[in-house]
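One file, work_33.cif, is given below (mmCIF, C-alpha atoms).
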```cif
data_run
loop_
_atom_site.group_PDB
_atom_site.id
_atom_site.type_symbol
_atom_site.label_atom_id
_atom_site.label_comp_id
_atom_site.auth_asym_id
_atom_site.auth_seq_id
_atom_site.Cartn_x
_atom_site.Cartn_y
_atom_site.Cartn_z
ATOM 1 C CA MET A 5 13.620 -0.750 -21.919
ATOM 2 C CA ALA A 6 12.953 2.761 -23.147
ATOM 3 C CA GLU A 7 14.042 4.677 -20.108
ATOM 4 C CA LYS A 8 15.068 8.174 -19.319
ATOM 5 C CA GLY A 9 18.036 7.479 -17.086
ATOM 6 C CA SER A 10 18.321 5.212 -14.081
ATOM 7 C CA VAL A 11 16.202 3.853 -11.231
ATOM 8 C CA GLU A 12 17.325 6.926 -9.301
ATOM 9 C CA ASP A 13 15.680 9.059 -11.990
ATOM 10 C CA PHE A 14 12.520 6.975 -11.682
ATOM 11 C CA LEU A 15 12.500 7.479 -7.905
ATOM 12 C CA ALA A 16 13.057 11.231 -8.191
ATOM 13 C CA ALA A 17 10.156 11.517 -10.654
ATOM 14 C CA ALA A 18 7.888 9.428 -8.399
ATOM 15 C CA VAL A 19 8.736 11.573 -5.367
ATOM 16 C CA ASP A 20 8.013 14.735 -7.367
ATOM 17 C CA ALA A 21 4.663 13.314 -8.537
ATOM 18 C CA ALA A 22 3.740 12.173 -5.013
ATOM 19 C CA LYS A 23 4.530 15.597 -3.542
ATOM 20 C CA ARG A 24 2.388 17.321 -6.197
ATOM 21 C CA ALA A 25 -0.527 14.964 -5.531
ATOM 22 C CA GLY A 26 0.082 15.400 -1.805
ATOM 23 C CA GLU A 27 -0.566 19.132 -2.097
ATOM 24 C CA VAL A 28 -3.949 18.398 -3.705
ATOM 25 C CA ILE A 29 -4.805 15.928 -0.921
ATOM 26 C CA ARG A 30 -3.672 18.322 1.801
ATOM 27 C CA SER A 31 -5.795 21.167 0.462
ATOM 28 C CA GLY A 32 -8.824 18.903 -0.026
ATOM 29 C CA PHE A 33 -8.456 17.267 3.397
ATOM 30 C CA TYR A 34 -9.885 20.267 5.244
ATOM 31 C CA GLU A 35 -12.661 21.008 2.763
ATOM 32 C CA THR A 36 -16.117 19.498 2.169
ATOM 33 C CA LYS A 37 -15.704 16.359 0.058
ATOM 34 C CA ASN A 38 -17.707 15.338 -2.995
ATOM 35 C CA VAL A 39 -18.119 11.599 -2.319
ATOM 36 C CA GLU A 40 -19.236 8.867 -4.712
ATOM 37 C CA HIS A 41 -19.774 5.169 -3.952
ATOM 38 C CA LYS A 42 -17.953 2.423 -5.849
ATOM 39 C CA GLY A 43 -19.678 -0.115 -3.595
ATOM 40 C CA GLN A 44 -21.665 -0.229 -0.375
ATOM 41 C CA VAL A 45 -18.785 1.203 1.685
ATOM 42 C CA ASP A 46 -16.105 1.706 -1.011
ATOM 43 C CA LEU A 47 -15.729 5.431 -1.621
ATOM 44 C CA VAL A 48 -14.134 7.638 -4.258
ATOM 45 C CA THR A 49 -13.777 11.429 -4.285
ATOM 46 C CA GLU A 50 -12.896 14.096 -6.820
ATOM 47 C CA THR A 51 -9.496 14.246 -5.107
ATOM 48 C CA ASP A 52 -8.759 10.565 -5.973
ATOM 49 C CA LYS A 53 -9.489 11.234 -9.640
ATOM 50 C CA LYS A 54 -7.661 14.555 -9.777
ATOM 51 C CA CYS A 55 -4.545 13.068 -8.149
ATOM 52 C CA GLU A 56 -4.402 10.057 -10.465
ATOM 53 C CA GLU A 57 -4.674 12.308 -13.496
ATOM 54 C CA LEU A 58 -1.966 14.603 -12.146
ATOM 55 C CA ILE A 59 0.429 11.705 -11.389
ATOM 56 C CA PHE A 60 -0.101 9.942 -14.716
ATOM 57 C CA ASP A 61 0.216 13.142 -16.770
ATOM 58 C CA PHE A 62 3.440 14.029 -14.952
ATOM 59 C CA LEU A 63 5.042 10.569 -15.317
ATOM 60 C CA LYS A 64 3.859 9.988 -18.904
ATOM 61 C CA LEU A 65 5.539 13.216 -19.932
ATOM 62 C CA GLN A 66 8.876 11.884 -18.665
ATOM 63 C CA PHE A 67 8.485 8.196 -19.481
ATOM 64 C CA PRO A 68 6.145 7.965 -22.498
ATOM 65 C CA ASP A 69 7.087 4.333 -23.232
ATOM 66 C CA HIS A 70 6.260 3.059 -19.746
ATOM 67 C CA LYS A 71 2.954 1.346 -18.918
ATOM 68 C CA PHE A 72 0.492 2.642 -16.315
ATOM 69 C CA ILE A 73 -1.999 0.977 -13.969
ATOM 70 C CA GLY A 74 -4.098 3.106 -11.605
ATOM 71 C CA GLU A 75 -6.910 2.426 -9.194
ATOM 72 C CA GLU A 76 -9.350 4.932 -10.660
ATOM 73 C CA THR A 77 -8.598 4.231 -14.342
ATOM 74 C CA THR A 78 -8.989 0.492 -13.626
ATOM 75 C CA ALA A 79 -12.338 1.190 -11.957
ATOM 76 C CA ALA A 80 -13.452 3.197 -15.010
ATOM 77 C CA PHE A 81 -11.978 1.185 -17.897
ATOM 78 C CA GLY A 82 -11.311 -2.328 -16.565
ATOM 79 C CA THR A 83 -8.207 -4.272 -15.624
ATOM 80 C CA THR A 84 -4.860 -3.674 -17.310
ATOM 81 C CA GLU A 85 -2.653 -6.761 -17.433
ATOM 82 C CA LEU A 86 0.705 -6.457 -15.685
ATOM 83 C CA THR A 87 3.532 -7.282 -18.122
ATOM 84 C CA ASP A 88 7.336 -7.317 -17.916
ATOM 85 C CA GLU A 89 7.442 -3.746 -19.254
ATOM 86 C CA PRO A 90 8.302 -0.949 -16.786
ATOM 87 C CA THR A 91 4.890 -0.261 -15.246
ATOM 88 C CA TRP A 92 3.849 2.498 -12.881
ATOM 89 C CA ILE A 93 1.195 1.210 -10.445
ATOM 90 C CA VAL A 94 -0.552 4.028 -8.618
ATOM 91 C CA ASP A 95 -3.048 4.491 -5.824
ATOM 92 C CA PRO A 96 -3.601 8.259 -5.939
ATOM 93 C CA LEU A 97 -5.267 8.325 -2.516
ATOM 94 C CA ASP A 98 -4.986 5.228 -0.349
ATOM 95 C CA GLY A 99 -7.282 5.624 2.633
ATOM 96 C CA THR A 100 -10.156 7.400 0.886
ATOM 97 C CA THR A 101 -12.565 6.634 3.747
ATOM 98 C CA ASN A 102 -10.046 8.183 6.169
ATOM 99 C CA PHE A 103 -9.809 11.205 3.867
ATOM 100 C CA VAL A 104 -13.599 11.605 3.837
ATOM 101 C CA HIS A 105 -13.737 11.435 7.653
ATOM 102 C CA GLY A 106 -10.730 13.712 8.237
ATOM 103 C CA PHE A 107 -8.687 10.844 9.753
ATOM 104 C CA PRO A 108 -5.068 11.682 8.862
ATOM 105 C CA PHE A 109 -3.980 8.196 7.721
ATOM 106 C CA VAL A 110 -4.005 8.839 3.968
ATOM 107 C CA CYS A 111 -1.298 8.600 1.345
ATOM 108 C CA VAL A 112 -0.218 8.618 -2.273
ATOM 109 C CA SER A 113 1.276 5.268 -3.337
ATOM 110 C CA ILE A 114 3.451 5.088 -6.467
ATOM 111 C CA GLY A 115 5.223 1.851 -7.365
ATOM 112 C CA LEU A 116 7.249 0.884 -10.420
ATOM 113 C CA THR A 117 7.574 -2.746 -11.477
ATOM 114 C CA ILE A 118 10.215 -3.900 -13.953
ATOM 115 C CA GLY A 119 9.839 -7.490 -15.106
ATOM 116 C CA ARG A 120 6.809 -7.660 -12.776
ATOM 117 C CA ILE A 121 9.151 -7.111 -9.793
ATOM 118 C CA PRO A 122 8.477 -4.101 -7.492
ATOM 119 C CA THR A 123 11.585 -1.978 -8.066
ATOM 120 C CA VAL A 124 10.802 1.589 -6.953
ATOM 121 C CA GLY A 125 8.376 2.557 -4.197
ATOM 122 C CA VAL A 126 7.134 5.911 -2.913
ATOM 123 C CA VAL A 127 4.441 6.302 -0.255
ATOM 124 C CA TYR A 128 3.692 9.842 0.907
ATOM 125 C CA ASN A 129 1.345 10.881 3.714
ATOM 126 C CA PRO A 130 0.893 14.622 3.096
ATOM 127 C CA ILE A 131 -1.067 15.230 6.311
ATOM 128 C CA MET A 132 1.704 13.860 8.552
ATOM 129 C CA ASP A 133 4.405 14.840 6.023
ATOM 130 C CA GLU A 134 5.989 11.386 5.970
ATOM 131 C CA LEU A 135 7.707 10.257 2.784
ATOM 132 C CA PHE A 136 8.675 6.577 2.520
ATOM 133 C CA THR A 137 10.969 5.654 -0.377
ATOM 134 C CA ALA A 138 12.882 2.626 -1.624
ATOM 135 C CA ILE A 139 14.770 1.320 -4.645
ATOM 136 C CA ARG A 140 15.297 -2.426 -4.965
ATOM 137 C CA GLY A 141 18.750 -3.280 -3.614
ATOM 138 C CA LYS A 142 19.381 0.195 -2.199
ATOM 139 C CA GLY A 143 17.569 0.362 1.158
ATOM 140 C CA ALA A 144 14.422 2.043 2.458
ATOM 141 C CA PHE A 145 14.024 5.534 3.892
ATOM 142 C CA LEU A 146 11.593 7.737 5.807
ATOM 143 C CA ASN A 147 12.096 11.425 5.047
ATOM 144 C CA GLY A 148 15.611 10.574 3.841
ATOM 145 C CA LYS A 149 16.686 8.582 6.915
ATOM 146 C CA PRO A 150 17.254 4.797 6.687
ATOM 147 C CA ILE A 151 14.552 2.599 8.229
ATOM 148 C CA LYS A 152 14.429 -1.034 9.240
ATOM 149 C CA THR A 153 11.837 -3.472 10.503
ATOM 150 C CA SER A 154 11.397 -4.270 14.185
ATOM 151 C CA SER A 155 13.529 -6.896 15.936
ATOM 152 C CA GLN A 156 10.536 -8.375 17.753
ATOM 153 C CA ASN A 157 10.858 -12.171 17.876
ATOM 154 C CA GLU A 158 7.790 -13.132 19.907
ATOM 155 C CA LEU A 159 4.303 -13.228 18.448
ATOM 156 C CA VAL A 160 2.718 -12.489 21.819
ATOM 157 C CA LYS A 161 4.604 -9.163 22.005
ATOM 158 C CA SER A 162 3.834 -8.197 18.403
ATOM 159 C CA LEU A 163 1.554 -5.442 17.148
ATOM 160 C CA LEU A 164 -0.654 -6.716 14.320
ATOM 161 C CA ALA A 165 -2.357 -4.637 11.623
ATOM 162 C CA THR A 166 -5.068 -5.761 9.234
ATOM 163 C CA GLU A 167 -8.085 -4.364 7.398
ATOM 164 C CA ILE A 168 -11.640 -5.632 7.219
ATOM 165 C CA GLY A 169 -12.059 -4.672 3.541
ATOM 166 C CA THR A 170 -15.082 -3.272 1.721
ATOM 167 C CA LYS A 171 -17.190 -6.410 1.217
ATOM 168 C CA ARG A 172 -20.155 -6.683 3.565
ATOM 169 C CA ASP A 173 -21.667 -10.052 2.670
ATOM 170 C CA LYS A 174 -22.106 -12.266 5.733
ATOM 171 C CA SER A 175 -19.614 -14.998 4.769
ATOM 172 C CA THR A 176 -16.787 -12.482 4.145
ATOM 173 C CA VAL A 177 -17.473 -10.534 7.341
ATOM 174 C CA ASP A 178 -17.718 -13.750 9.389
ATOM 175 C CA ALA A 179 -14.448 -15.091 7.951
ATOM 176 C CA SER A 180 -12.698 -11.768 8.684
ATOM 177 C CA THR A 181 -13.943 -11.470 12.257
ATOM 178 C CA ASN A 182 -13.287 -15.146 13.022
ATOM 179 C CA ARG A 183 -9.718 -14.752 11.777
ATOM 180 C CA VAL A 184 -9.209 -11.634 13.916
ATOM 181 C CA ASN A 185 -10.775 -13.378 16.908
ATOM 182 C CA SER A 186 -8.314 -16.265 16.606
ATOM 183 C CA LEU A 187 -5.259 -14.015 16.140
ATOM 184 C CA LEU A 188 -6.114 -11.745 19.086
ATOM 185 C CA PHE A 189 -5.233 -14.569 21.481
ATOM 186 C CA LYS A 190 -1.731 -14.772 20.002
ATOM 187 C CA VAL A 191 -0.560 -11.151 19.609
ATOM 188 C CA ARG A 192 -0.282 -8.090 21.829
ATOM 189 C CA SER A 193 -2.855 -5.932 20.062
ATOM 190 C CA LEU A 194 -4.514 -5.136 16.755
ATOM 191 C CA ARG A 195 -4.748 -2.015 14.583
ATOM 192 C CA MET A 196 -7.000 -1.257 11.599
ATOM 193 C CA SER A 197 -5.878 2.098 10.297
ATOM 194 C CA GLY A 198 -7.481 2.091 6.849
ATOM 195 C CA SER A 199 -4.496 2.198 4.479
ATOM 196 C CA CYS A 200 -2.787 -0.911 3.114
ATOM 197 C CA ALA A 201 0.180 1.112 1.823
ATOM 198 C CA LEU A 202 0.760 2.822 5.182
ATOM 199 C CA ASN A 203 0.406 -0.492 7.024
ATOM 200 C CA LEU A 204 3.254 -1.850 4.892
ATOM 201 C CA CYS A 205 5.301 1.263 5.682
ATOM 202 C CA GLY A 206 4.510 0.659 9.366
ATOM 203 C CA ILE A 207 6.145 -2.777 9.047
ATOM 204 C CA ALA A 208 9.111 -1.218 7.217
ATOM 205 C CA CYS A 209 9.869 1.343 9.939
ATOM 206 C CA GLY A 210 9.181 -0.971 12.888
ATOM 207 C CA ARG A 211 5.965 0.608 14.165
ATOM 208 C CA LEU A 212 4.110 -2.601 13.334
ATOM 209 C CA ASP A 213 5.403 -6.163 13.588
ATOM 210 C CA LEU A 214 2.773 -8.076 11.613
ATOM 211 C CA PHE A 215 0.365 -7.212 8.799
ATOM 212 C CA TYR A 216 -1.990 -9.141 6.577
ATOM 213 C CA GLU A 217 -4.866 -8.252 4.289
ATOM 214 C CA LEU A 218 -7.086 -10.365 2.057
ATOM 215 C CA GLY A 219 -9.230 -9.032 -0.775
ATOM 216 C CA PHE A 220 -7.829 -5.493 -1.044
ATOM 217 C CA GLY A 221 -8.426 -3.427 -4.175
ATOM 218 C CA GLY A 222 -5.519 -4.377 -6.416
ATOM 219 C CA PRO A 223 -1.778 -4.117 -7.072
ATOM 220 C CA TRP A 224 -1.844 -0.330 -6.535
ATOM 221 C CA ASP A 225 -2.327 -0.942 -2.797
ATOM 222 C CA VAL A 226 0.925 -2.933 -2.474
ATOM 223 C CA ALA A 227 3.289 -2.157 -5.384
ATOM 224 C CA ALA A 228 5.168 0.611 -3.538
ATOM 225 C CA GLY A 229 4.863 -0.802 -0.022
ATOM 226 C CA ALA A 230 6.226 -4.225 -1.002
ATOM 227 C CA VAL A 231 9.601 -2.850 -2.116
ATOM 228 C CA ILE A 232 9.754 -0.522 0.915
ATOM 229 C CA VAL A 233 9.235 -3.479 3.291
ATOM 230 C CA THR A 234 11.789 -5.741 1.626
ATOM 231 C CA GLU A 235 14.389 -2.959 1.464
ATOM 232 C CA ALA A 236 13.868 -2.328 5.191
ATOM 233 C CA GLY A 237 14.801 -5.965 5.876
ATOM 234 C CA GLY A 238 11.236 -7.249 6.082
ATOM 235 C CA LEU A 239 9.482 -10.065 4.282
ATOM 236 C CA VAL A 240 6.404 -9.877 2.054
ATOM 237 C CA PHE A 241 4.556 -13.130 1.401
ATOM 238 C CA ASP A 242 1.178 -14.702 0.786
ATOM 239 C CA PRO A 243 -0.773 -15.251 4.046
ATOM 240 C CA SER A 244 -0.669 -18.999 3.274
ATOM 241 C CA GLY A 245 3.139 -18.845 3.436
ATOM 242 C CA LYS A 246 3.551 -19.109 -0.329
ATOM 243 C CA GLU A 247 5.368 -16.559 -2.450
ATOM 244 C CA PHE A 248 3.801 -13.100 -2.736
ATOM 245 C CA ASP A 249 1.950 -12.436 -6.002
ATOM 246 C CA ILE A 250 1.359 -8.739 -6.655
ATOM 247 C CA THR A 251 -1.856 -9.475 -8.602
ATOM 248 C CA SER A 252 -3.466 -11.838 -6.050
ATOM 249 C CA GLN A 253 -5.145 -9.336 -3.673
ATOM 250 C CA ARG A 254 -3.538 -11.208 -0.750
ATOM 251 C CA ILE A 255 -0.566 -10.005 1.290
ATOM 252 C CA ALA A 256 1.236 -10.530 4.567
ATOM 253 C CA ALA A 257 4.363 -8.838 5.878
ATOM 254 C CA SER A 258 6.570 -9.049 8.951
ATOM 255 C CA ASN A 259 10.151 -8.988 10.099
ATOM 256 C CA PRO A 260 12.043 -12.275 9.434
ATOM 257 C CA LEU A 261 12.063 -13.291 13.115
ATOM 258 C CA VAL A 262 8.296 -13.765 13.518
ATOM 259 C CA LYS A 263 7.397 -14.870 9.983
ATOM 260 C CA ASP A 264 7.106 -18.607 10.637
ATOM 261 C CA ALA A 265 5.061 -18.198 13.822
ATOM 262 C CA PHE A 266 2.856 -15.622 12.050
ATOM 263 C CA ILE A 267 2.160 -17.948 9.106
ATOM 264 C CA GLU A 268 1.301 -20.772 11.519
ATOM 265 C CA ALA A 269 -1.104 -18.474 13.408
ATOM 266 C CA LEU A 270 -2.698 -17.342 10.133
ATOM 267 C CA GLN A 271 -3.150 -20.948 8.960
ATOM 268 C CA LYS A 272 -4.780 -21.903 12.266
ATOM 269 C CA SER A 273 -7.115 -18.889 12.026
ATOM 270 C CA GLU A 274 -8.686 -20.146 8.766
#
```
How does the structure come out when it is put into structure tokens?
Amino acid sequence: MAEKGSVEDFLAAAVDAAKRAGEVIRSGFYETKNVEHKGQVDLVTETDKKCEELIFDFLKLQFPDHKFIGEETTAAFGTTELTDEPTWIVDPLDGTTNFVHGFPFVCVSIGLTIGRIPTVGVVYNPIMDELFTAIRGKGAFLNGKPIKTSSQNELVKSLLATEIGTKRDKSTVDASTNRVNSLLFKVRSLRMSGSCALNLCGIACGRLDLFYELGFGGPWDVAAGAVIVTEAGGLVFDPSGKEFDITSQRIAASNPLVKDAFIEALQKSE
């Protein structure tokens, strides 16, 4: 592995890149946005593109032999296969729709996989100034303070987060709303806040107890959040209960105490 130093060096570089991109997001947040459509309701702004360029340029300078996968470059040039090489997986602005509407649940998500395993994760919300960080095997932190998942052990007292996604065909919308309808009878309440990465961080710091999402954009939505959750003592898995696959566009997360009951509820909601 052609690396410049250690995983700590990788984390420090990712934090630096996230803070730089965060400044661009913060300044753009209060201005009029130039919005383009990737789909019927899937949006992209100049800020998304500018931030991805900034992050990649910064990290490539330091780690020229590493691979890079980004949401906007993938949209423009097609899918890049995830290999065992050290690979930076970046969502330059997760929560673009929130950004466009001035809803402050937006973030930069920067993950590093080594051997296809999420190893370093940084998620930064520049509007709320919350920086979530983790290195595999070394714990998870919010603004430098250790975080851990909730100790909730009852589904009926759990706060669930999900997202409805960007597809608007009838079968997808019906499946999503039927699933939500079923789960609402089994949990305390439901949140849809518009950012997969921040939902995962919500699990990691105990604000949320349960999270699932099907059909999200790609590995850039989960690469950082997955390591942050696991390092906070949480579990990341496929909603079916199988092992999590970073390339599958399917994810669920919870604390260990409610996982089995959550999987059962998800299976019954299908």
Problem - Residue nearest Glu27 in chain A among A:Thr123, A:Ser113, A:Asn129, A:Gln156 (counting all atoms listed in the file) - result: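 Among A:Thr123, A:Ser113, A:Asn129, A:Gln156, it is A:Asn129 that comes nearest to Glu27 in chain A.
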For range 210-222 of chain A, find every residue with an atom within 6 Å (counting only C-alpha atoms), except residues of its own chain fewer than 4 positions away, and show them as a PDB file with C-alpha atoms, keeping the file's coordinate frame.
```
ATOM      1  CA  THR A 153      11.837  -3.472  10.503  1.00  0.00           C
ATOM      2  CA  SER A 154      11.397  -4.270  14.185  1.00  0.00           C
ATOM      3  CA  SER A 162       3.834  -8.197  18.403  1.00  0.00           C
ATOM      4  CA  LEU A 163       1.554  -5.442  17.148  1.00  0.00           C
ATOM      5  CA  LEU A 164      -0.654  -6.716  14.320  1.00  0.00           C
ATOM      6  CA  ALA A 165      -2.357  -4.637  11.623  1.00  0.00           C
ATOM      7  CA  THR A 166      -5.068  -5.761   9.234  1.00  0.00           C
ATOM      8  CA  GLU A 167      -8.085  -4.364   7.398  1.00  0.00           C
ATOM      9  CA  GLY A 206       4.510   0.659   9.366  1.00  0.00           C
ATOM     10  CA  GLN A 253      -5.145  -9.336  -3.673  1.00  0.00           C
ATOM     11  CA  ARG A 254      -3.538 -11.208  -0.750  1.00  0.00           C
ATOM     12  CA  ILE A 255      -0.566 -10.005   1.290  1.00  0.00           C
ATOM     13  CA  ALA A 256       1.236 -10.530   4.567  1.00  0.00           C
ATOM     14  CA  ALA A 257       4.363  -8.838   5.878  1.00  0.00           C
ATOM     15  CA  SER A 258       6.570  -9.049   8.951  1.00  0.00           C
TER      16      SER A 258
END
```
Please evaluate the PyMOL selection byres ((chain A and resi 14) around 12) against the structure above and give the resulting residues as a PDB file with C-alpha atoms, keeping the file's coordinate frame.
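Output (out37.pdb):
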```pdb
ATOM      1  CA  GLU A   7      14.042   4.677 -20.108  1.00  0.00           C
ATOM      2  CA  LYS A   8      15.068   8.174 -19.319  1.00  0.00           C
ATOM      3  CA  GLY A   9      18.036   7.479 -17.086  1.00  0.00           C
ATOM      4  CA  SER A  10      18.321   5.212 -14.081  1.00  0.00           C
ATOM      5  CA  VAL A  11      16.202   3.853 -11.231  1.00  0.00           C
ATOM      6  CA  GLU A  12      17.325   6.926  -9.301  1.00  0.00           C
ATOM      7  CA  ASP A  13      15.680   9.059 -11.990  1.00  0.00           C
ATOM      8  CA  LEU A  15      12.500   7.479  -7.905  1.00  0.00           C
ATOM      9  CA  ALA A  16      13.057  11.231  -8.191  1.00  0.00           C
ATOM     10  CA  ALA A  17      10.156  11.517 -10.654  1.00  0.00           C
ATOM     11  CA  ALA A  18       7.888   9.428  -8.399  1.00  0.00           C
ATOM     12  CA  VAL A  19       8.736  11.573  -5.367  1.00  0.00           C
ATOM     13  CA  ASP A  20       8.013  14.735  -7.367  1.00  0.00           C
ATOM     14  CA  ALA A  21       4.663  13.314  -8.537  1.00  0.00           C
ATOM     15  CA  PHE A  62       3.440  14.029 -14.952  1.00  0.00           C
ATOM     16  CA  LEU A  63       5.042  10.569 -15.317  1.00  0.00           C
ATOM     17  CA  LYS A  64       3.859   9.988 -18.904  1.00  0.00           C
ATOM     18  CA  GLN A  66       8.876  11.884 -18.665  1.00  0.00           C
ATOM     19  CA  PHE A  67       8.485   8.196 -19.481  1.00  0.00           C
ATOM     20  CA  HIS A  70       6.260   3.059 -19.746  1.00  0.00           C
ATOM     21  CA  PRO A  90       8.302  -0.949 -16.786  1.00  0.00           C
ATOM     22  CA  THR A  91       4.890  -0.261 -15.246  1.00  0.00           C
ATOM     23  CA  TRP A  92       3.849   2.498 -12.881  1.00  0.00           C
ATOM     24  CA  ILE A 114       3.451   5.088  -6.467  1.00  0.00           C
ATOM     25  CA  GLY A 115       5.223   1.851  -7.365  1.00  0.00           C
ATOM     26  CA  LEU A 116       7.249   0.884 -10.420  1.00  0.00           C
ATOM     27  CA  THR A 117       7.574  -2.746 -11.477  1.00  0.00           C
ATOM     28  CA  ILE A 118      10.215  -3.900 -13.953  1.00  0.00           C
ATOM     29  CA  THR A 123      11.585  -1.978  -8.066  1.00  0.00           C
ATOM     30  CA  VAL A 124      10.802   1.589  -6.953  1.00  0.00           C
ATOM     31  CA  GLY A 125       8.376   2.557  -4.197  1.00  0.00           C
ATOM     32  CA  VAL A 126       7.134   5.911  -2.913  1.00  0.00           C
ATOM     33  CA  THR A 137      10.969   5.654  -0.377  1.00  0.00           C
ATOM     34  CA  ALA A 138      12.882   2.626  -1.624  1.00  0.00           C
ATOM     35  CA  ILE A 139      14.770   1.320  -4.645  1.00  0.00           C
ATOM     36  CA  ARG A 140      15.297  -2.426  -4.965  1.00  0.00           C
TER      37      ARG A 140
END
```
Practice task
Would you please work out which residue, of A:Lys37, A:His105, A:Lys152, A:Lys23, is nearest to Thr234 in chain A when using only C-alpha atoms?
Solution key: A:Lys152
Practice task
Would you write out, as a VMD selection string, every residue that the PyMOL selection byres ((chain A and resi 51) around 8) captures in this file?
Solution key: chain A and resid 28 to 29 32 49 to 50 52 to 55 97
Practice task
Find the residues near Ser186 in chain A: any atom within 12 Å, counting only C-alpha atoms, skip ones fewer than 3 places away on the same chain, and give them as a PyMOL selection string.
Solution key: chain A and resi 179-183+189-191+194+268-274
Problem - Distance of CA of Val226 in chain A from CA of Phe145 in chain A, expressed in Å to one decimal place - result: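 Interatomic distance here is 16.8 Å.
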Practice task
Would you be able to write out as a list of chain:residue names which residues have an atom within 6 Å of (8.6, 10.6, 2.9) in the file's coordinates, counting all atoms listed in the file?
Solution key: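 Checking each residue against the 6 Å limit leaves A:Tyr128, A:Glu134, A:Leu135, A:Phe136, A:Leu146, A:Asn147.
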Problem - Residues in the PyMOL selection byres ((chain A and resi 100) around 8), expressed as a list in words - result: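 On this input, the PyMOL selection byres ((chain A and resi 100) around 8) captures Leu47, Val48, Thr49, Asp52, Leu97, Asp98, Gly99, Thr101, Asn102, Phe103, Val104 and Val110 of chain A.
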Problem - d(CA of Glu75 in chain A, CA of Asp95 in chain A) in Å - result: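 Calculated distance between CA of Glu75 in chain A and CA of Asp95 in chain A is 5.5 Å.
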Handout entry: Point-to-point distance in Å for CA of Leu202 in chain A and CA of Ala230 in chain A
Key =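 Between CA of Ala230 in chain A and CA of Leu202 in chain A the gap is 10.9 Å.
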Exercise for the section: Would you please work out which residue, of A:Val127, A:Val231, A:Leu239, A:Ile267, is nearest to Gly26 in chain A when using all atoms listed in the file? Expected result: A:Val127
Practice task
Extract, using only C-alpha atoms, all DNA, RNA and protein residues at most 8 Å from Gly119 in chain A, discarding same-chain residues fewer than 6 positions from it, and format them as a list in words.
Solution key: Thr87, Asp88, Glu89 and Pro90 of chain A
Just add N, CA, C and O atoms to range 39-49 of chain A and send it as a PDB file, in the frame of the given file.
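Output saved as rebuild-v5.pdb:
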```pdb
ATOM      1  N   VAL A  39     -18.342  13.036  -2.463  1.00  0.00           N
ATOM      2  CA  VAL A  39     -18.119  11.599  -2.319  1.00  0.00           C
ATOM      3  C   VAL A  39     -19.043  10.803  -3.227  1.00  0.00           C
ATOM      4  O   VAL A  39     -20.240  11.067  -3.298  1.00  0.00           O
ATOM      5  N   GLU A  40     -18.453   9.825  -3.932  1.00  0.00           N
ATOM      6  CA  GLU A  40     -19.236   8.867  -4.712  1.00  0.00           C
ATOM      7  C   GLU A  40     -18.989   7.471  -4.143  1.00  0.00           C
ATOM      8  O   GLU A  40     -17.976   7.234  -3.481  1.00  0.00           O
ATOM      9  N   HIS A  41     -19.911   6.557  -4.421  1.00  0.00           N
ATOM     10  CA  HIS A  41     -19.774   5.169  -3.952  1.00  0.00           C
ATOM     11  C   HIS A  41     -19.388   4.260  -5.102  1.00  0.00           C
ATOM     12  O   HIS A  41     -20.047   4.228  -6.130  1.00  0.00           O
ATOM     13  N   LYS A  42     -18.296   3.484  -4.904  1.00  0.00           N
ATOM     14  CA  LYS A  42     -17.953   2.423  -5.849  1.00  0.00           C
ATOM     15  C   LYS A  42     -18.626   1.125  -5.430  1.00  0.00           C
ATOM     16  O   LYS A  42     -18.771   0.205  -6.203  1.00  0.00           O
ATOM     17  N   GLY A  43     -19.000   1.053  -4.168  1.00  0.00           N
ATOM     18  CA  GLY A  43     -19.678  -0.115  -3.595  1.00  0.00           C
ATOM     19  C   GLY A  43     -20.391   0.359  -2.352  1.00  0.00           C
ATOM     20  O   GLY A  43     -20.458   1.560  -2.078  1.00  0.00           O
ATOM     21  N   GLN A  44     -20.891  -0.587  -1.561  1.00  0.00           N
ATOM     22  CA  GLN A  44     -21.665  -0.229  -0.375  1.00  0.00           C
ATOM     23  C   GLN A  44     -20.889   0.698   0.566  1.00  0.00           C
ATOM     24  O   GLN A  44     -21.413   1.684   1.065  1.00  0.00           O
ATOM     25  N   VAL A  45     -19.603   0.363   0.792  1.00  0.00           N
ATOM     26  CA  VAL A  45     -18.785   1.203   1.685  1.00  0.00           C
ATOM     27  C   VAL A  45     -17.463   1.619   1.022  1.00  0.00           C
ATOM     28  O   VAL A  45     -16.583   2.158   1.679  1.00  0.00           O
ATOM     29  N   ASP A  46     -17.331   1.365  -0.280  1.00  0.00           N
ATOM     30  CA  ASP A  46     -16.105   1.706  -1.011  1.00  0.00           C
ATOM     31  C   ASP A  46     -16.300   3.067  -1.662  1.00  0.00           C
ATOM     32  O   ASP A  46     -17.159   3.225  -2.539  1.00  0.00           O
ATOM     33  N   LEU A  47     -15.504   4.040  -1.228  1.00  0.00           N
ATOM     34  CA  LEU A  47     -15.729   5.431  -1.621  1.00  0.00           C
ATOM     35  C   LEU A  47     -14.683   5.919  -2.617  1.00  0.00           C
ATOM     36  O   LEU A  47     -13.559   5.439  -2.660  1.00  0.00           O
ATOM     37  N   VAL A  48     -15.077   6.927  -3.391  1.00  0.00           N
ATOM     38  CA  VAL A  48     -14.134   7.638  -4.258  1.00  0.00           C
ATOM     39  C   VAL A  48     -14.520   9.112  -4.239  1.00  0.00           C
ATOM     40  O   VAL A  48     -15.697   9.462  -4.154  1.00  0.00           O
ATOM     41  N   THR A  49     -13.527   9.988  -4.288  1.00  0.00           N
ATOM     42  CA  THR A  49     -13.777  11.429  -4.285  1.00  0.00           C
ATOM     43  C   THR A  49     -13.158  12.071  -5.525  1.00  0.00           C
ATOM     44  O   THR A  49     -12.376  11.452  -6.245  1.00  0.00           O
TER      45      THR A  49
END
```
